[in-house]
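Here is final12.cif, consisting of mmCIF, C-alpha atoms:
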```cif
data_work
#
loop_
_atom_site.label_atom_id
_atom_site.label_comp_id
_atom_site.auth_asym_id
_atom_site.auth_seq_id
_atom_site.Cartn_x
_atom_site.Cartn_y
_atom_site.Cartn_z
CA MET A 1 123.04 95.51 89.27
CA PHE A 2 121.55 98.67 90.75
CA THR A 3 121.40 101.88 88.72
CA LEU A 4 120.16 105.21 90.07
CA VAL A 5 118.97 107.59 87.34
CA ILE A 6 118.26 111.19 88.36
CA GLY A 7 117.29 114.28 86.42
CA GLY A 8 115.15 117.38 86.42
CA ALA A 9 111.59 117.70 85.21
CA ALA A 10 111.21 116.64 81.56
CA SER A 11 114.94 115.83 81.34
CA GLY A 12 114.38 112.44 79.72
CA LYS A 13 115.35 110.49 82.84
CA SER A 14 112.33 108.18 82.78
CA GLU A 15 112.76 107.37 79.11
CA TYR A 16 116.45 106.64 79.64
CA ALA A 17 115.75 104.44 82.66
CA GLU A 18 113.22 102.52 80.60
CA GLU A 19 115.82 102.03 77.85
CA LEU A 20 118.19 100.52 80.41
CA ILE A 21 115.57 97.98 81.47
CA LEU A 22 114.54 97.22 77.88
CA ALA A 23 118.20 96.48 77.06
CA SER A 24 118.40 93.95 79.89
CA PRO A 25 118.05 90.28 78.96
CA LEU A 26 116.41 89.59 82.33
CA ARG A 27 112.73 88.70 82.60
CA PRO A 28 110.19 89.48 83.74
CA ARG A 29 110.27 93.25 83.31
CA ILE A 30 108.49 94.84 86.22
CA TYR A 31 107.50 98.49 86.44
CA ILE A 32 106.80 99.67 89.98
CA ALA A 33 104.55 102.73 89.69
CA THR A 34 104.53 104.94 92.80
CA MET A 35 102.30 107.84 91.75
CA GLU A 36 99.04 107.89 93.66
CA PRO A 37 96.15 108.71 91.30
CA PHE A 38 94.94 111.99 92.82
CA GLY A 39 92.63 114.15 90.73
CA ALA A 40 92.11 114.42 86.98
CA GLU A 41 95.65 115.66 86.30
CA GLY A 42 97.21 112.74 88.17
CA GLN A 43 94.92 110.26 86.44
CA ALA A 44 95.82 111.72 83.04
CA ARG A 45 99.53 111.48 83.80
CA ILE A 46 99.20 107.86 84.85
CA ALA A 47 97.21 107.05 81.70
CA ARG A 48 99.90 108.72 79.57
CA HIS A 49 102.65 106.68 81.26
CA ARG A 50 100.70 103.45 80.78
CA GLU A 51 100.30 104.26 77.09
CA LEU A 52 104.03 104.95 76.75
CA ARG A 53 104.79 101.50 78.27
CA ARG A 54 102.27 99.61 76.14
CA GLY A 55 103.82 96.78 74.13
CA LYS A 56 107.17 96.93 75.95
CA GLY A 57 106.61 93.81 78.02
CA PHE A 58 106.32 95.44 81.45
CA GLN A 59 104.23 93.99 84.24
CA THR A 60 103.04 97.03 86.19
CA VAL A 61 102.82 96.91 89.97
CA GLU A 62 101.28 99.93 91.65
CA ARG A 63 102.73 100.52 95.10
CA TYR A 64 102.62 103.89 96.84
CA THR A 65 104.26 103.10 100.19
CA GLY A 66 105.97 100.18 101.86
CA ILE A 67 107.88 98.84 98.88
CA ALA A 68 109.82 96.57 101.24
CA GLY A 69 106.67 94.44 101.41
CA LEU A 70 106.53 93.74 97.68
CA LYS A 71 107.01 90.15 96.57
CA LEU A 72 108.35 89.93 93.03
CA PRO A 73 109.37 87.07 90.75
CA ALA A 74 113.05 86.28 91.31
CA GLY A 75 115.74 87.49 88.95
CA GLY A 76 113.80 89.97 86.83
CA ALA A 77 114.53 93.51 85.68
CA VAL A 78 112.75 96.13 87.79
CA LEU A 79 112.11 99.81 87.08
CA LEU A 80 111.15 101.83 90.19
CA GLU A 81 109.40 105.02 89.04
CA CYS A 82 109.87 107.30 90.95
CA LEU A 83 111.65 108.13 94.18
CA GLY A 84 110.13 111.62 94.34
CA ASN A 85 106.60 110.23 94.48
CA LEU A 86 107.64 107.48 96.87
CA ALA A 87 109.28 109.97 99.25
CA ALA A 88 106.17 112.21 99.22
CA ASN A 89 103.90 109.22 99.79
CA GLU A 90 105.99 107.99 102.72
CA LEU A 91 105.98 111.50 104.22
CA TYR A 92 102.35 112.51 103.69
CA SER A 93 100.14 109.50 102.97
CA PRO A 94 98.24 108.04 105.94
CA ALA A 95 99.79 104.67 104.99
CA GLY A 96 103.32 106.16 104.92
CA ALA A 97 106.06 106.44 107.50
CA GLY A 98 105.10 110.03 108.40
CA THR A 99 108.53 111.37 109.36
CA ALA A 100 111.56 112.33 107.29
CA GLU A 101 113.71 109.69 108.96
CA GLY A 102 111.00 107.07 108.57
CA ALA A 103 110.42 107.95 104.93
CA ALA A 104 114.13 107.76 104.07
CA SER A 105 114.42 104.46 105.91
CA ALA A 106 111.30 103.02 104.25
CA VAL A 107 112.61 103.84 100.79
CA ALA A 108 116.14 102.55 101.49
CA ASP A 109 114.81 99.35 103.08
CA GLY A 110 112.45 98.94 100.15
CA VAL A 111 115.27 99.23 97.64
CA ASP A 112 117.24 96.64 99.61
CA ALA A 113 114.23 94.30 99.50
CA LEU A 114 113.87 94.79 95.75
CA LEU A 115 117.58 94.16 95.19
CA ALA A 116 117.30 90.87 97.09
CA GLN A 117 114.62 89.72 94.64
CA CYS A 118 115.63 91.05 91.23
CA GLY A 119 118.61 90.71 88.95
CA GLU A 120 118.60 94.35 87.90
CA LEU A 121 117.04 97.45 89.45
CA VAL A 122 116.83 100.90 87.91
CA ALA A 123 115.42 103.57 90.23
CA VAL A 124 114.40 106.99 88.93
CA GLY A 125 114.80 110.09 91.10
CA ASN A 126 113.86 113.74 90.60
CA GLU A 127 116.53 116.41 90.83
CA VAL A 128 114.53 119.02 92.71
CA CYS A 129 117.15 120.68 94.89
CA SER A 130 118.76 122.94 92.30
CA GLY A 131 115.77 125.25 91.85
CA GLY A 132 116.38 127.52 94.83
CA ARG A 133 117.22 127.57 98.50
CA ASP A 134 114.49 129.30 100.46
CA TYR A 135 111.61 126.90 100.96
CA ALA A 136 109.25 126.83 103.90
CA GLY A 137 107.96 124.06 106.10
CA ASP A 138 106.88 120.89 104.42
CA THR A 139 108.51 121.75 101.09
CA GLU A 140 111.89 122.03 102.81
CA ARG A 141 111.25 118.78 104.69
CA TYR A 142 110.33 116.98 101.45
CA LEU A 143 113.40 118.30 99.59
CA ARG A 144 115.75 117.32 102.42
CA THR A 145 114.19 113.87 102.66
CA LEU A 146 114.48 113.26 98.92
CA ALA A 147 118.08 114.52 98.93
CA GLU A 148 118.90 112.10 101.78
CA ILE A 149 117.28 109.25 99.85
CA HIS A 150 119.33 110.11 96.75
CA ARG A 151 122.59 110.26 98.75
CA CYS A 152 121.87 106.97 100.47
CA LEU A 153 120.94 105.18 97.26
CA ALA A 154 123.85 106.68 95.31
CA ARG A 155 126.24 105.15 97.86
CA ARG A 156 124.59 101.75 97.41
CA ALA A 157 124.21 101.91 93.63
CA ASP A 158 126.59 100.26 91.20
CA ARG A 159 125.91 103.06 88.73
CA VAL A 160 124.60 106.62 89.04
CA CYS A 161 123.48 108.59 86.02
CA GLU A 162 122.09 112.10 85.73
CA VAL A 163 120.08 112.83 82.59
CA VAL A 164 120.44 116.42 81.39
CA CYS A 165 118.48 117.51 78.30
CA GLY A 166 118.14 113.86 77.31
CA ILE A 167 121.89 113.23 77.63
CA PRO A 168 123.06 110.68 80.22
CA VAL A 169 125.96 111.94 82.35
CA TRP A 170 127.52 109.11 84.37
CA HIS A 171 128.76 109.95 87.86
CA LYS A 172 129.47 106.39 89.01
CA GLY A 173 129.98 103.26 86.90
CA ALA A 174 128.99 103.40 83.23
#
```
Please go through the file and, once you have read it, give me the structure as structure tokens.
Amino acid sequence: MFTLVIGGAASGKSEYAEELILASPLRPRIYIATMEPFGAEGQARIARHRELRRGKGFQTVERYTGIAGLKLPAGGAVLLECLGNLAANELYSPAGAGTAEGAASAVADGVDALLAQCGELVAVGNEVCSGGRDYAGDTERYLRTLAEIHRCLARRADRVCEVVCGIPVWHKGA
């Protein structure tokens, strides 16, 4: 089962995605963290997320690029958090794909590799394209790449949910 959960900043999407994994009977529970720990703010955010997961039975795997190369225990429940970070890492990190097409392909191939190993995958994506239309350069490239990733994964997903103000709105499956 593959579920794509999207939502805006502070919409509750991550919490809802976590609830989906916690409700799964599958084990182990694996949390794939994609945020690179840049600066004090990034480190504080990562520490906060670790604290929120404490005691929930997650095994955390930190992977910033190349998720297709991950080897996971078979049949578990996997939470991929988040596609926005992963897309940025694939675009801009020296270890990433470097191009929009390469980044989209790396993420899609990575999701396919995860699906081949796990029994359930919930991927979290950021809804960032509804905030305006006139962006320059790399911001526009990032937004288009993330939108392409979302479209591609929504086609592949069994279920697609958008979380708005903490309320899940199902667009596909339920």
Between A:Leu4, A:Val128, A:Ala17, A:Ala44, which one has atoms that come closest to Arg151 in chain A, using only C-alpha atoms?
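So, comparing all the options, the nearest one is A:Leu4.
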Since I can't run it myself right now, could you work out what the PyMOL selection byres ((chain A and resi 89-103) around 12) selects here and report it as a ChimeraX atom specification?
/A:34-38,63-68,82-88,104-110,138-149
Residues near Ile6 in chain A, cut-off 8 Å, all atoms listed in the file, skip fewer than 5 positions along chain, as a list in words
Lys13, Val124, Gly125, Asn126, Glu127, Val160, Cys161, Glu162 and Val163 of chain A
What does the structure give for the distance between CA of Arg27 in chain A and CA of Gln43 in chain A, in Å to one decimal?
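So the two atoms, CA of Arg27 in chain A and CA of Gln43 in chain A, lie 28.2 Å apart.
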Within 6 Å of range 53-61 of chain A using all atoms listed in the file, minus same-chain residues under 3 positions, as JSON, numbers by chain
{"A": [29, 30, 31, 32, 50]}
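Across the structure, CA of Leu80 in chain A and CA of Val111 in chain A are spaced 8.9 Å apart.
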Would you kindly return, as a PyMOL selection string, each protein, DNA or RNA residue with an atom no farther than 12 Å from any atom of Phe2 in chain A, considering only C-alpha atoms and excluding same-chain residues fewer than 6 positions away?
chain A and resi 17+20-21+77-80+111-112+114-124+153-161+172-174
So what do you get for CA of Ala33 in chain A versus CA of Arg45 in chain A, distance-wise?
11.7 Å
Check which residues satisfy the PyMOL selection byres ((chain A and resi 10) around 10) in the file shown, then give them as number ranges by chain.
A: 7-9, 11-15, 126, 163-166
Nearest to Ala113 in chain A: which of A:Pro25, A:Pro168, A:Gly42, A:Gly69 is it, counting only C-alpha atoms?
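Once distances to Ala113 in chain A are computed over only C-alpha atoms, the minimum belongs to A:Gly69.
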Output range 36-56 of chain A as a CSV table (one decimal), keeping the file's coordinate frame, making sure N, CA, C and O atoms are there.
```
chain,number,residue,atom,x,y,z
A,36,GLU,N,100.4,108.1,93.2
A,36,GLU,CA,99.0,107.9,93.7
A,36,GLU,C,98.1,108.7,92.7
A,36,GLU,O,98.4,109.8,92.4
A,37,PRO,N,97.0,108.1,92.3
A,37,PRO,CA,96.2,108.7,91.3
A,37,PRO,C,95.2,109.7,91.9
A,37,PRO,O,94.0,109.5,92.1
A,38,PHE,N,95.8,110.9,92.3
A,38,PHE,CA,94.9,112.0,92.8
A,38,PHE,C,94.5,112.9,91.7
A,38,PHE,O,95.3,113.4,90.9
A,39,GLY,N,93.2,113.2,91.6
A,39,GLY,CA,92.6,114.2,90.7
A,39,GLY,C,92.8,113.8,89.2
A,39,GLY,O,93.4,112.8,88.9
A,40,ALA,N,92.1,114.6,88.4
A,40,ALA,CA,92.1,114.4,87.0
A,40,ALA,C,93.5,114.5,86.4
A,40,ALA,O,93.9,113.7,85.5
A,41,GLU,N,94.3,115.5,86.8
A,41,GLU,CA,95.6,115.7,86.3
A,41,GLU,C,96.5,114.4,86.6
A,41,GLU,O,97.2,113.9,85.7
A,42,GLY,N,96.5,113.9,87.8
A,42,GLY,CA,97.2,112.7,88.2
A,42,GLY,C,96.8,111.5,87.4
A,42,GLY,O,97.6,110.7,86.9
A,43,GLN,N,95.5,111.4,87.2
A,43,GLN,CA,94.9,110.3,86.4
A,43,GLN,C,95.4,110.3,85.0
A,43,GLN,O,95.7,109.3,84.4
A,44,ALA,N,95.4,111.6,84.4
A,44,ALA,CA,95.8,111.7,83.0
A,44,ALA,C,97.3,111.4,82.9
A,44,ALA,O,97.7,110.8,81.9
A,45,ARG,N,98.1,111.8,83.8
A,45,ARG,CA,99.5,111.5,83.8
A,45,ARG,C,99.8,110.0,83.9
A,45,ARG,O,100.6,109.4,83.1
A,46,ILE,N,99.1,109.3,84.7
A,46,ILE,CA,99.2,107.9,84.8
A,46,ILE,C,98.8,107.2,83.6
A,46,ILE,O,99.5,106.3,83.1
A,47,ALA,N,97.7,107.6,83.0
A,47,ALA,CA,97.2,107.0,81.7
A,47,ALA,C,98.2,107.3,80.6
A,47,ALA,O,98.5,106.3,79.8
A,48,ARG,N,98.9,108.4,80.6
A,48,ARG,CA,99.9,108.7,79.6
A,48,ARG,C,101.1,107.8,79.8
A,48,ARG,O,101.6,107.2,78.8
A,49,HIS,N,101.5,107.6,81.0
A,49,HIS,CA,102.6,106.7,81.3
A,49,HIS,C,102.3,105.2,80.9
A,49,HIS,O,103.2,104.5,80.3
A,50,ARG,N,101.1,104.8,81.2
A,50,ARG,CA,100.7,103.4,80.8
A,50,ARG,C,100.8,103.3,79.3
A,50,ARG,O,101.2,102.3,78.8
A,51,GLU,N,100.3,104.3,78.6
A,51,GLU,CA,100.3,104.3,77.1
A,51,GLU,C,101.7,104.2,76.6
A,51,GLU,O,102.0,103.5,75.6
A,52,LEU,N,102.6,105.0,77.2
A,52,LEU,CA,104.0,105.0,76.8
A,52,LEU,C,104.7,103.6,77.0
A,52,LEU,O,105.6,103.2,76.2
A,53,ARG,N,104.2,102.8,78.0
A,53,ARG,CA,104.8,101.5,78.3
A,53,ARG,C,104.1,100.4,77.5
A,53,ARG,O,104.7,99.3,77.4
A,54,ARG,N,103.0,100.7,76.8
A,54,ARG,CA,102.3,99.6,76.1
A,54,ARG,C,103.2,98.9,75.1
A,54,ARG,O,103.9,99.5,74.4
A,55,GLY,N,103.1,97.6,75.1
A,55,GLY,CA,103.8,96.8,74.1
A,55,GLY,C,105.3,96.6,74.5
A,55,GLY,O,106.0,96.0,73.7
A,56,LYS,N,105.8,97.1,75.6
A,56,LYS,CA,107.2,96.9,76.0
A,56,LYS,C,107.4,95.8,76.9
A,56,LYS,O,108.6,95.5,77.3
```
